[in-house]
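Undergrad: This is run.pdb (PDB, C-alpha atoms and all ligand atoms).
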```
ATOM      1  CA  MET A 229      65.908 -37.179 -25.676
ATOM      2  CA  THR A 230      62.852 -35.541 -27.100
ATOM      3  CA  ASP A 231      62.888 -31.827 -27.899
ATOM      4  CA  PHE A 232      60.068 -31.236 -25.411
ATOM      5  CA  ASN A 233      61.122 -28.499 -23.000
ATOM      6  CA  TYR A 234      59.945 -29.413 -19.520
ATOM      7  CA  GLU A 235      61.190 -26.100 -18.153
ATOM      8  CA  GLU A 236      58.478 -24.364 -20.130
ATOM      9  CA  VAL A 237      55.741 -26.346 -18.418
ATOM     10  CA  LYS A 238      54.429 -23.830 -15.930
ATOM     11  CA  HIS A 239      53.615 -24.933 -12.409
ATOM     12  CA  ASN A 240      49.893 -25.213 -11.764
ATOM     13  CA  PHE A 241      50.334 -24.889  -7.989
ATOM     14  CA  ASP A 242      51.708 -22.200  -5.695
ATOM     15  CA  ARG A 243      55.295 -23.366  -5.750
ATOM     16  CA  ASP A 244      56.624 -20.431  -3.729
ATOM     17  CA  ALA A 245      54.241 -21.203  -0.871
ATOM     18  CA  LEU A 246      55.355 -24.826  -0.882
ATOM     19  CA  LEU A 247      59.011 -23.811  -0.895
ATOM     20  CA  ASN A 248      58.396 -21.643   2.150
ATOM     21  CA  SER A 249      56.751 -24.537   3.985
ATOM     22  CA  MET A 250      59.586 -26.850   3.023
ATOM     23  CA  LYS A 251      62.178 -24.421   4.352
ATOM     24  CA  THR A 252      60.570 -24.539   7.793
ATOM     25  CA  GLN A 253      60.713 -28.343   7.855
ATOM     26  CA  LEU A 254      63.949 -29.316   6.173
ATOM     27  CA  SER A 255      67.665 -28.847   6.533
ATOM     28  CA  GLU A 256      69.405 -26.976   3.719
ATOM     29  CA  PHE A 257      70.868 -30.246   2.471
ATOM     30  CA  ARG A 258      67.496 -31.964   2.173
ATOM     31  CA  TYR A 259      65.753 -28.889   0.800
ATOM     32  CA  THR A 260      68.208 -28.620  -2.070
ATOM     33  CA  HIS A 261      67.984 -32.391  -2.635
ATOM     34  CA  CYS A 262      64.228 -31.982  -3.083
ATOM     35  CA  LEU A 263      64.756 -29.197  -5.629
ATOM     36  CA  ARG A 264      67.140 -31.424  -7.582
ATOM     37  CA  VAL A 265      64.723 -34.354  -7.499
ATOM     38  CA  GLU A 266      61.938 -32.061  -8.721
ATOM     39  CA  ARG A 267      64.074 -30.997 -11.668
ATOM     40  CA  VAL A 268      65.223 -34.512 -12.645
ATOM     41  CA  SER A 269      61.712 -35.891 -12.184
ATOM     42  CA  ARG A 270      60.265 -33.243 -14.513
ATOM     43  CA  GLY A 271      62.964 -34.045 -17.059
ATOM     44  CA  LEU A 272      62.253 -37.784 -16.922
ATOM     45  CA  ALA A 273      58.531 -37.125 -17.196
ATOM     46  CA  ALA A 274      59.054 -35.003 -20.295
ATOM     47  CA  GLU A 275      61.297 -37.625 -21.838
ATOM     48  CA  TYR A 276      59.007 -40.554 -21.109
ATOM     49  CA  GLY A 277      55.649 -38.919 -21.646
ATOM     50  CA  ALA A 278      54.532 -38.769 -18.016
ATOM     51  CA  ASP A 279      52.696 -35.834 -16.434
ATOM     52  CA  VAL A 280      55.413 -33.220 -15.897
ATOM     53  CA  GLN A 281      53.385 -31.276 -13.330
ATOM     54  CA  LYS A 282      52.656 -34.258 -11.122
ATOM     55  CA  ALA A 283      56.136 -35.745 -11.434
ATOM     56  CA  GLY A 284      57.637 -32.383 -10.505
ATOM     57  CA  LEU A 285      55.330 -31.736  -7.571
ATOM     58  CA  ALA A 286      55.823 -35.219  -6.124
ATOM     59  CA  GLY A 287      59.576 -34.929  -6.640
ATOM     60  CA  LEU A 288      59.598 -31.599  -4.841
ATOM     61  CA  LEU A 289      57.664 -32.920  -1.849
ATOM     62  CA  HIS A 290      58.889 -36.531  -1.691
ATOM     63  CA  ASP A 291      61.067 -35.983   1.402
ATOM     64  CA  TYR A 292      58.914 -33.277   3.015
ATOM     65  CA  ALA A 293      58.346 -35.386   6.162
ATOM     66  CA  LYS A 294      61.774 -36.983   6.381
ATOM     67  CA  GLU A 295      62.986 -34.956   9.350
ATOM     68  CA  ARG A 296      59.956 -35.597  11.589
ATOM     69  CA  SER A 297      60.354 -37.476  14.853
ATOM     70  CA  ASP A 298      59.661 -41.185  15.185
ATOM     71  CA  ASP A 299      56.901 -40.328  17.659
ATOM     72  CA  GLU A 300      55.109 -38.161  15.116
ATOM     73  CA  PHE A 301      55.193 -40.920  12.502
ATOM     74  CA  LYS A 302      53.868 -43.468  15.016
ATOM     75  CA  GLN A 303      51.026 -41.136  15.911
ATOM     76  CA  VAL A 304      50.068 -40.695  12.262
ATOM     77  CA  ILE A 305      50.184 -44.472  11.657
ATOM     78  CA  LYS A 306      47.722 -44.919  14.525
ATOM     79  CA  SER A 307      45.451 -41.952  13.857
ATOM     80  CA  LYS A 308      45.143 -42.794  10.138
ATOM     81  CA  ASN A 309      44.723 -46.524  10.789
ATOM     82  CA  LEU A 310      47.620 -47.391   8.521
ATOM     83  CA  ASP A 311      49.008 -50.959   8.464
ATOM     84  CA  PRO A 312      50.152 -51.630  12.072
ATOM     85  CA  ASP A 313      53.122 -53.585  10.703
ATOM     86  CA  LEU A 314      54.576 -50.190   9.792
ATOM     87  CA  LEU A 315      55.284 -49.681  13.487
ATOM     88  CA  ASN A 316      58.004 -52.350  13.198
ATOM     89  CA  TYR A 317      59.997 -50.221  10.766
ATOM     90  CA  ASN A 318      61.661 -46.828  10.821
ATOM     91  CA  ASN A 319      62.060 -43.412   9.244
ATOM     92  CA  ALA A 320      63.424 -44.861   6.001
ATOM     93  CA  ILE A 321      60.031 -46.488   5.364
ATOM     94  CA  TRP A 322      57.805 -44.027   7.193
ATOM     95  CA  HIS A 323      58.864 -40.812   5.476
ATOM     96  CA  GLY A 324      57.362 -42.059   2.211
ATOM     97  CA  ILE A 325      54.315 -44.143   3.135
ATOM     98  CA  VAL A 326      53.383 -42.123   6.206
ATOM     99  CA  GLY A 327      54.949 -38.886   4.999
ATOM    100  CA  ALA A 328      52.378 -38.685   2.203
ATOM    101  CA  GLU A 329      49.663 -38.330   4.860
ATOM    102  CA  ILE A 330      51.561 -35.410   6.389
ATOM    103  CA  VAL A 331      51.921 -33.794   2.959
ATOM    104  CA  LYS A 332      48.191 -34.217   2.400
ATOM    105  CA  ASP A 333      47.190 -32.737   5.747
ATOM    106  CA  GLU A 334      49.733 -29.954   6.108
ATOM    107  CA  LEU A 335      50.123 -28.798   2.521
ATOM    108  CA  GLY A 336      46.633 -29.569   1.255
ATOM    109  CA  ILE A 337      47.870 -31.792  -1.573
ATOM    110  CA  ALA A 338      44.849 -33.886  -2.577
ATOM    111  CA  ASP A 339      46.043 -35.369  -5.872
ATOM    112  CA  GLU A 340      46.324 -39.112  -5.277
ATOM    113  CA  ASP A 341      48.762 -39.523  -8.169
ATOM    114  CA  VAL A 342      51.140 -37.146  -6.442
ATOM    115  CA  LEU A 343      50.552 -38.693  -3.016
ATOM    116  CA  ASN A 344      51.095 -42.210  -4.364
ATOM    117  CA  ALA A 345      54.397 -41.209  -5.902
ATOM    118  CA  ILE A 346      55.478 -39.925  -2.482
ATOM    119  CA  ARG A 347      54.194 -43.104  -0.783
ATOM    120  CA  ARG A 348      56.072 -45.342  -3.196
ATOM    121  CA  HIS A 349      59.347 -43.468  -3.483
ATOM    122  CA  THR A 350      61.295 -45.701  -1.082
ATOM    123  CA  VAL A 351      59.807 -49.179  -1.502
ATOM    124  CA  GLY A 352      58.338 -48.975  -4.991
ATOM    125  CA  SER A 353      55.242 -50.974  -5.849
ATOM    126  CA  THR A 354      54.087 -53.658  -8.264
ATOM    127  CA  ASN A 355      51.801 -51.168  -9.974
ATOM    128  CA  MET A 356      53.899 -48.055 -10.299
ATOM    129  CA  THR A 357      52.623 -45.335 -12.586
ATOM    130  CA  GLN A 358      54.891 -43.377 -14.897
ATOM    131  CA  VAL A 359      54.817 -40.522 -12.364
ATOM    132  CA  ASP A 360      55.811 -42.917  -9.550
ATOM    133  CA  LYS A 361      58.739 -44.168 -11.611
ATOM    134  CA  CYS A 362      59.964 -40.667 -12.447
ATOM    135  CA  VAL A 363      60.134 -39.701  -8.768
ATOM    136  CA  PHE A 364      61.620 -43.043  -7.709
ATOM    137  CA  VAL A 365      64.398 -42.844 -10.291
ATOM    138  CA  ALA A 366      65.016 -39.097  -9.922
ATOM    139  CA  ASP A 367      65.594 -39.568  -6.191
ATOM    140  CA  PHE A 368      68.260 -42.149  -6.997
ATOM    141  CA  ILE A 369      70.141 -40.346  -9.776
ATOM    142  CA  GLU A 370      69.847 -36.622  -8.955
ATOM    143  CA  PRO A 371      73.113 -34.820  -9.775
ATOM    144  CA  GLU A 372      74.591 -34.859  -6.265
ATOM    145  CA  ARG A 373      74.203 -38.622  -5.861
ATOM    146  CA  ASP A 374      77.539 -40.408  -5.777
ATOM    147  CA  PHE A 375      77.845 -44.095  -4.967
ATOM    148  CA  PRO A 376      79.211 -47.241  -6.613
ATOM    149  CA  GLY A 377      76.720 -47.990  -9.363
ATOM    150  CA  ILE A 378      75.508 -44.437  -9.998
ATOM    151  CA  ASP A 379      76.826 -44.396 -13.578
ATOM    152  CA  GLU A 380      74.965 -47.619 -14.324
ATOM    153  CA  ALA A 381      71.815 -46.212 -12.713
ATOM    154  CA  ARG A 382      72.003 -43.132 -14.949
ATOM    155  CA  GLU A 383      72.584 -45.295 -18.021
ATOM    156  CA  TYR A 384      69.481 -47.354 -17.244
ATOM    157  CA  ALA A 385      67.488 -44.143 -16.796
ATOM    158  CA  GLU A 386      68.508 -43.154 -20.336
ATOM    159  CA  LYS A 387      67.479 -46.559 -21.643
ATOM    160  CA  SER A 388      64.067 -46.993 -20.002
ATOM    161  CA  LEU A 389      62.259 -46.031 -16.824
ATOM    162  CA  ASP A 390      61.380 -49.655 -16.085
ATOM    163  CA  SER A 391      64.982 -50.819 -16.263
ATOM    164  CA  ALA A 392      66.052 -47.947 -14.006
ATOM    165  CA  VAL A 393      63.388 -48.908 -11.457
ATOM    166  CA  ALA A 394      64.569 -52.539 -11.573
ATOM    167  CA  PHE A 395      68.211 -51.572 -11.134
ATOM    168  CA  GLU A 396      67.391 -49.282  -8.225
ATOM    169  CA  LEU A 397      65.399 -51.965  -6.398
ATOM    170  CA  LYS A 398      68.170 -54.509  -6.906
ATOM    171  CA  HIS A 399      70.825 -52.043  -5.774
ATOM    172  CA  SER A 400      68.846 -50.901  -2.722
ATOM    173  CA  ILE A 401      68.050 -54.411  -1.484
ATOM    174  CA  ALA A 402      71.679 -55.499  -1.967
ATOM    175  CA  HIS A 403      72.806 -52.417  -0.029
ATOM    176  CA  LEU A 404      70.415 -53.100   2.860
ATOM    177  CA  ILE A 405      71.549 -56.724   3.077
ATOM    178  CA  ASP A 406      75.173 -55.619   3.034
ATOM    179  CA  LYS A 407      74.460 -53.275   5.965
ATOM    180  CA  ASN A 408      72.531 -55.920   7.961
ATOM    181  CA  ARG A 409      69.394 -53.800   7.800
ATOM    182  CA  GLU A 410      65.815 -55.022   7.735
ATOM    183  CA  ILE A 411      63.868 -54.916   4.490
ATOM    184  CA  TYR A 412      60.233 -53.878   4.316
ATOM    185  CA  PRO A 413      58.342 -56.770   2.656
ATOM    186  CA  ALA A 414      56.756 -54.617  -0.057
ATOM    187  CA  THR A 415      60.267 -53.883  -1.315
ATOM    188  CA  PHE A 416      60.690 -57.573  -2.156
ATOM    189  CA  GLU A 417      57.352 -57.614  -3.958
ATOM    190  CA  SER A 418      58.484 -54.621  -5.996
ATOM    191  CA  TYR A 419      61.812 -56.271  -6.734
ATOM    192  CA  ASN A 420      60.203 -59.537  -7.852
ATOM    193  CA  TYR A 421      57.833 -57.661 -10.117
ATOM    194  CA  TRP A 422      60.352 -55.361 -11.795
ATOM    195  CA  ILE A 423      63.590 -57.349 -11.914
ATOM    196  CA  ASN A 424      62.815 -58.968 -15.269
ATOM    197  CA  LYS A 425      62.734 -55.469 -16.811
ATOM    198  CA  LEU A 426      66.466 -55.142 -16.263
TER     199      LEU A 426
HETATM  200 FE    FE B 501      63.083 -40.233   0.611
HETATM  201 FE    FE B 502      65.020 -38.205  -1.445
END
```
Please, can you express the file's structure as structure tokens?
TA:
Amino acid sequence: MTDFNYEEVKHNFDRDALLNSMKTQLSEFRYTHCLRVERVSRGLAAEYGADVQKAGLAGLLHDYAKERSDDEFKQVIKSKNLDPDLLNYNNAIWHGIVGAEIVKDELGIADEDVLNAIRRHTVGSTNMTQVDKCVFVADFIEPERDFPGIDEAREYAEKSLDSAVAFELKHSIAHLIDKNREIYPATFESYNYWINKL
């Protein structure tokens, strides 16, 4: 760990206003999850030299749209002319890729680095930025997470962001296969790209 104190990095956005908006959209469980992801994401960003502000903001808002209806997501996919193949998937995929559009429109977040981190937080990408990786990994290892493999995930996050991303993709795909669930193709592209970093 570096001695950089991420808690001293002041927020350059109206965090209280965002928290109020989040409270109207999210269950208590998911709201507190978002606060934990914000905190871990800022910590990872400080440790690995990423932008603490952006990593924190994207971590805070990453699940902002998660509790929207399927109908709302389908409408956004159509009105924004997003890839029609998205219509074949579900909330697990939509709340990131499509959710970023809702964050942009409802909360006025225009920073594409922040929006991309939200877009990529479930399926990853072959060209993830440091901010993307911080949010992706923070979502997986925040303190309340508890699943077989969590200790290993946290160890990889101490070692390097890239290895933690690779482990998470491997773990997530294995989990989906185990549960007989469909896998969004971009997840495989991410996996193929990152797995040699493990
Ligand atoms: Fe999510
Ligand atoms: Fe999350």
Undergrad: Hey, can you pull every residue with an atom no more than 8 Å from (51.3, -47.3, 15.5), using all atoms listed in the file, and send it as a ChimeraX atom specification?
TA: /A:302-306,310,312,314-315
Undergrad: With only C-alpha atoms and all ligand atoms as the basis for distance, which of A:Gly324, A:Gly284, A:Gly352, A:Gly271 is at the shortest distance from ligand FE 502 (chain B)?
TA: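 Of A:Gly324, A:Gly284, A:Gly352, A:Gly271, the one nearest ligand FE 502 (chain B) is A:Gly324, counting only C-alpha atoms and all ligand atoms.
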Undergrad: Kindly assemble as a tab-separated table a list of the chain A residues that lie within 9 Å of ligand FE 501 (chain B), each paired with its nearest atom pair and their distance in Å to one decimal, using all atoms listed in the file, sorted first by chain and then by ascending residue number.
TA:
```
residue	atom	partner	partner_atom	distance
A:His290	CA	B:FE501	FE	6.0
A:Asp291	CA	B:FE501	FE	4.8
A:Tyr292	CA	B:FE501	FE	8.5
A:Ala293	CA	B:FE501	FE	8.8
A:Lys294	CA	B:FE501	FE	6.8
A:Ala320	CA	B:FE501	FE	7.1
A:Ile321	CA	B:FE501	FE	8.4
A:His323	CA	B:FE501	FE	6.5
A:Gly324	CA	B:FE501	FE	6.2
A:Ile346	CA	B:FE501	FE	8.2
A:His349	CA	B:FE501	FE	6.4
A:Thr350	CA	B:FE501	FE	6.0
A:Phe364	CA	B:FE501	FE	8.9
A:Asp367	CA	B:FE501	FE	7.3
```
Undergrad: Would you mind exporting C-alpha atoms of the selected residues as a PDB file, keeping the file's coordinate frame?
TA:
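Result saved to part-v2.pdb:
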```
ATOM      1  CA  HIS A 290      58.889 -36.531  -1.691  1.00  0.00           C
ATOM      2  CA  ASP A 291      61.067 -35.983   1.402  1.00  0.00           C
ATOM      3  CA  TYR A 292      58.914 -33.277   3.015  1.00  0.00           C
ATOM      4  CA  ALA A 293      58.346 -35.386   6.162  1.00  0.00           C
ATOM      5  CA  LYS A 294      61.774 -36.983   6.381  1.00  0.00           C
ATOM      6  CA  ALA A 320      63.424 -44.861   6.001  1.00  0.00           C
ATOM      7  CA  ILE A 321      60.031 -46.488   5.364  1.00  0.00           C
ATOM      8  CA  HIS A 323      58.864 -40.812   5.476  1.00  0.00           C
ATOM      9  CA  GLY A 324      57.362 -42.059   2.211  1.00  0.00           C
ATOM     10  CA  ILE A 346      55.478 -39.925  -2.482  1.00  0.00           C
ATOM     11  CA  HIS A 349      59.347 -43.468  -3.483  1.00  0.00           C
ATOM     12  CA  THR A 350      61.295 -45.701  -1.082  1.00  0.00           C
ATOM     13  CA  PHE A 364      61.620 -43.043  -7.709  1.00  0.00           C
ATOM     14  CA  ASP A 367      65.594 -39.568  -6.191  1.00  0.00           C
TER      15      ASP A 367
END
```
Undergrad: Calculate how many Å separate CA of Tyr259 in chain A from CA of Ala328 in chain A, rounding to one decimal.
TA: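 CA of Ala328 in chain A lies 16.6 Å from CA of Tyr259 in chain A.
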Undergrad: Show me, as an mmCIF file with C-alpha atoms, keeping the file's coordinate frame, the residues that have an atom within 10 Å of Asp341 in chain A when counting all atoms listed in the file, minus same-chain residues fewer than 3 positions from it.
TA:
```cif
data_model
loop_
_atom_site.group_PDB
_atom_site.id
_atom_site.type_symbol
_atom_site.label_atom_id
_atom_site.label_comp_id
_atom_site.auth_asym_id
_atom_site.auth_seq_id
_atom_site.Cartn_x
_atom_site.Cartn_y
_atom_site.Cartn_z
ATOM 1 C CA ASP A 279 52.696 -35.834 -16.434
ATOM 2 C CA LYS A 282 52.656 -34.258 -11.122
ATOM 3 C CA ALA A 283 56.136 -35.745 -11.434
ATOM 4 C CA ALA A 286 55.823 -35.219 -6.124
ATOM 5 C CA ALA A 338 44.849 -33.886 -2.577
ATOM 6 C CA ASN A 344 51.095 -42.210 -4.364
ATOM 7 C CA ALA A 345 54.397 -41.209 -5.902
ATOM 8 C CA ILE A 346 55.478 -39.925 -2.482
ATOM 9 C CA ARG A 347 54.194 -43.104 -0.783
ATOM 10 C CA THR A 357 52.623 -45.335 -12.586
ATOM 11 C CA GLN A 358 54.891 -43.377 -14.897
ATOM 12 C CA VAL A 359 54.817 -40.522 -12.364
ATOM 13 C CA ASP A 360 55.811 -42.917 -9.550
#
```
Undergrad: Which is closer to ligand FE 502 (chain B) than all the others in A:Asn424, A:Gln281, A:Ser297, A:Ser269, using only C-alpha atoms and all ligand atoms?
TA: A:Ser269
Undergrad: Closest to Asn318 in chain A among A:Asn355, A:Ser249, A:Arg296, A:Gly336, using all atoms listed in the file?
TA: A:Arg296
Undergrad: How many Å lie between CA of His239 in chain A and CA of Glu372 in chain A, rounded to one decimal?
TA: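 These two atoms are separated by 24.0 Å.
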Undergrad: Could you work out how far CA of Val265 in chain A lies from CA of Ala366 in chain A, giving the answer in Å with one decimal?
TA: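 Distance reported for this atom pair: 5.3 Å.
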Undergrad: If we count only C-alpha atoms and set the cut-off at 10 Å, which residues sit around Val237 in chain A, ignoring sequence neighbours fewer than 3 positions away in its own chain? Please answer as a list in words.
TA: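 Everything that qualifies: Phe232, Asn233, Tyr234, Asn240, Arg270, Ala274, Val280 and Gln281 of chain A.
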Undergrad: Within 8 Å of range 419-423 of chain A, counting all atoms listed in the file, which residues show up once you throw out same-chain ones fewer than 4 positions away? Write them as an mmCIF file with C-alpha atoms, keeping the file's coordinate frame, please.
TA:
```cif
data_model
loop_
_atom_site.group_PDB
_atom_site.id
_atom_site.type_symbol
_atom_site.label_atom_id
_atom_site.label_comp_id
_atom_site.auth_asym_id
_atom_site.auth_seq_id
_atom_site.Cartn_x
_atom_site.Cartn_y
_atom_site.Cartn_z
ATOM 1 C CA THR A 354 54.087 -53.658 -8.264
ATOM 2 C CA ASP A 390 61.380 -49.655 -16.085
ATOM 3 C CA SER A 391 64.982 -50.819 -16.263
ATOM 4 C CA VAL A 393 63.388 -48.908 -11.457
ATOM 5 C CA ALA A 394 64.569 -52.539 -11.573
ATOM 6 C CA PHE A 395 68.211 -51.572 -11.134
ATOM 7 C CA LEU A 397 65.399 -51.965 -6.398
ATOM 8 C CA LYS A 398 68.170 -54.509 -6.906
ATOM 9 C CA THR A 415 60.267 -53.883 -1.315
#
```
Undergrad: Taking 6 positions as the minimum chain separation for residues in the same chain, which residues sit within 12 Å of Asp379 in chain A when counting only C-alpha atoms? Answer as a PyMOL selection string.
TA: chain A and resi 368-371+373+385-386+392+395-396
Undergrad: Measuring atom to atom with all atoms listed in the file, identify which of A:Lys387, A:His399, A:Lys251, A:Arg348 is nearest to ligand FE 502 (chain B).
TA: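 For ligand FE 502 (chain B), the nearest of the given residues is A:Arg348.
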Undergrad: Between A:Ile330, A:Ala273, A:Lys308, A:Val363, which has the minimum distance to ligand FE 502 (chain B) (counting only C-alpha atoms and all ligand atoms)?
TA: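 Result for the nearest residue to ligand FE 502 (chain B): A:Val363.
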Undergrad: As a check of understanding, name the residues that the PyMOL selection byres (((chain A and resi 335) around 12) and not hetatm) selects in the supplied structure, as a PDB file with C-alpha atoms, in the coordinates of the input.
TA:
```pdb
ATOM      1  CA  PHE A 241      50.334 -24.889  -7.989  1.00  0.00           C
ATOM      2  CA  ASP A 242      51.708 -22.200  -5.695  1.00  0.00           C
ATOM      3  CA  ARG A 243      55.295 -23.366  -5.750  1.00  0.00           C
ATOM      4  CA  ALA A 245      54.241 -21.203  -0.871  1.00  0.00           C
ATOM      5  CA  LEU A 246      55.355 -24.826  -0.882  1.00  0.00           C
ATOM      6  CA  LEU A 247      59.011 -23.811  -0.895  1.00  0.00           C
ATOM      7  CA  ASN A 248      58.396 -21.643   2.150  1.00  0.00           C
ATOM      8  CA  SER A 249      56.751 -24.537   3.985  1.00  0.00           C
ATOM      9  CA  MET A 250      59.586 -26.850   3.023  1.00  0.00           C
ATOM     10  CA  GLN A 253      60.713 -28.343   7.855  1.00  0.00           C
ATOM     11  CA  LEU A 285      55.330 -31.736  -7.571  1.00  0.00           C
ATOM     12  CA  LEU A 289      57.664 -32.920  -1.849  1.00  0.00           C
ATOM     13  CA  TYR A 292      58.914 -33.277   3.015  1.00  0.00           C
ATOM     14  CA  ALA A 293      58.346 -35.386   6.162  1.00  0.00           C
ATOM     15  CA  GLY A 327      54.949 -38.886   4.999  1.00  0.00           C
ATOM     16  CA  ALA A 328      52.378 -38.685   2.203  1.00  0.00           C
ATOM     17  CA  GLU A 329      49.663 -38.330   4.860  1.00  0.00           C
ATOM     18  CA  ILE A 330      51.561 -35.410   6.389  1.00  0.00           C
ATOM     19  CA  VAL A 331      51.921 -33.794   2.959  1.00  0.00           C
ATOM     20  CA  LYS A 332      48.191 -34.217   2.400  1.00  0.00           C
ATOM     21  CA  ASP A 333      47.190 -32.737   5.747  1.00  0.00           C
ATOM     22  CA  GLU A 334      49.733 -29.954   6.108  1.00  0.00           C
ATOM     23  CA  GLY A 336      46.633 -29.569   1.255  1.00  0.00           C
ATOM     24  CA  ILE A 337      47.870 -31.792  -1.573  1.00  0.00           C
ATOM     25  CA  ALA A 338      44.849 -33.886  -2.577  1.00  0.00           C
ATOM     26  CA  ASP A 339      46.043 -35.369  -5.872  1.00  0.00           C
ATOM     27  CA  LEU A 343      50.552 -38.693  -3.016  1.00  0.00           C
TER      28      LEU A 343
END
```
Undergrad: Rank A:Asn316, A:Ser353, A:Ser388, A:Ser307 by their smallest atom-to-atom distance to Ala414 in chain A, using all atoms listed in the file, and report the top residue only.
TA: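 Using all atoms listed in the file, Ala414 in chain A sits closest to A:Ser353.
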Undergrad: Can we get range 252-264 of chain A of that structure written down with C-alpha atoms, as a CSV table (one decimal), in the first residue's frame?
TA:
```
chain,number,residue,atom,x,y,z
A,252,THR,CA,-35.2,7.2,-4.2
A,253,GLN,CA,-34.1,4.5,-6.6
A,254,LEU,CA,-32.5,1.8,-4.5
A,255,SER,CA,-33.3,-0.6,-1.7
A,256,GLU,CA,-31.3,-0.1,1.5
A,257,PHE,CA,-29.2,-3.2,0.7
A,258,ARG,CA,-28.2,-1.9,-2.8
A,259,TYR,CA,-27.7,1.6,-1.6
A,260,THR,CA,-25.2,0.5,1.1
A,261,HIS,CA,-23.5,-1.8,-1.4
A,262,CYS,CA,-22.9,1.2,-3.7
A,263,LEU,CA,-21.4,3.1,-0.8
A,264,ARG,CA,-19.0,0.2,-0.1
```
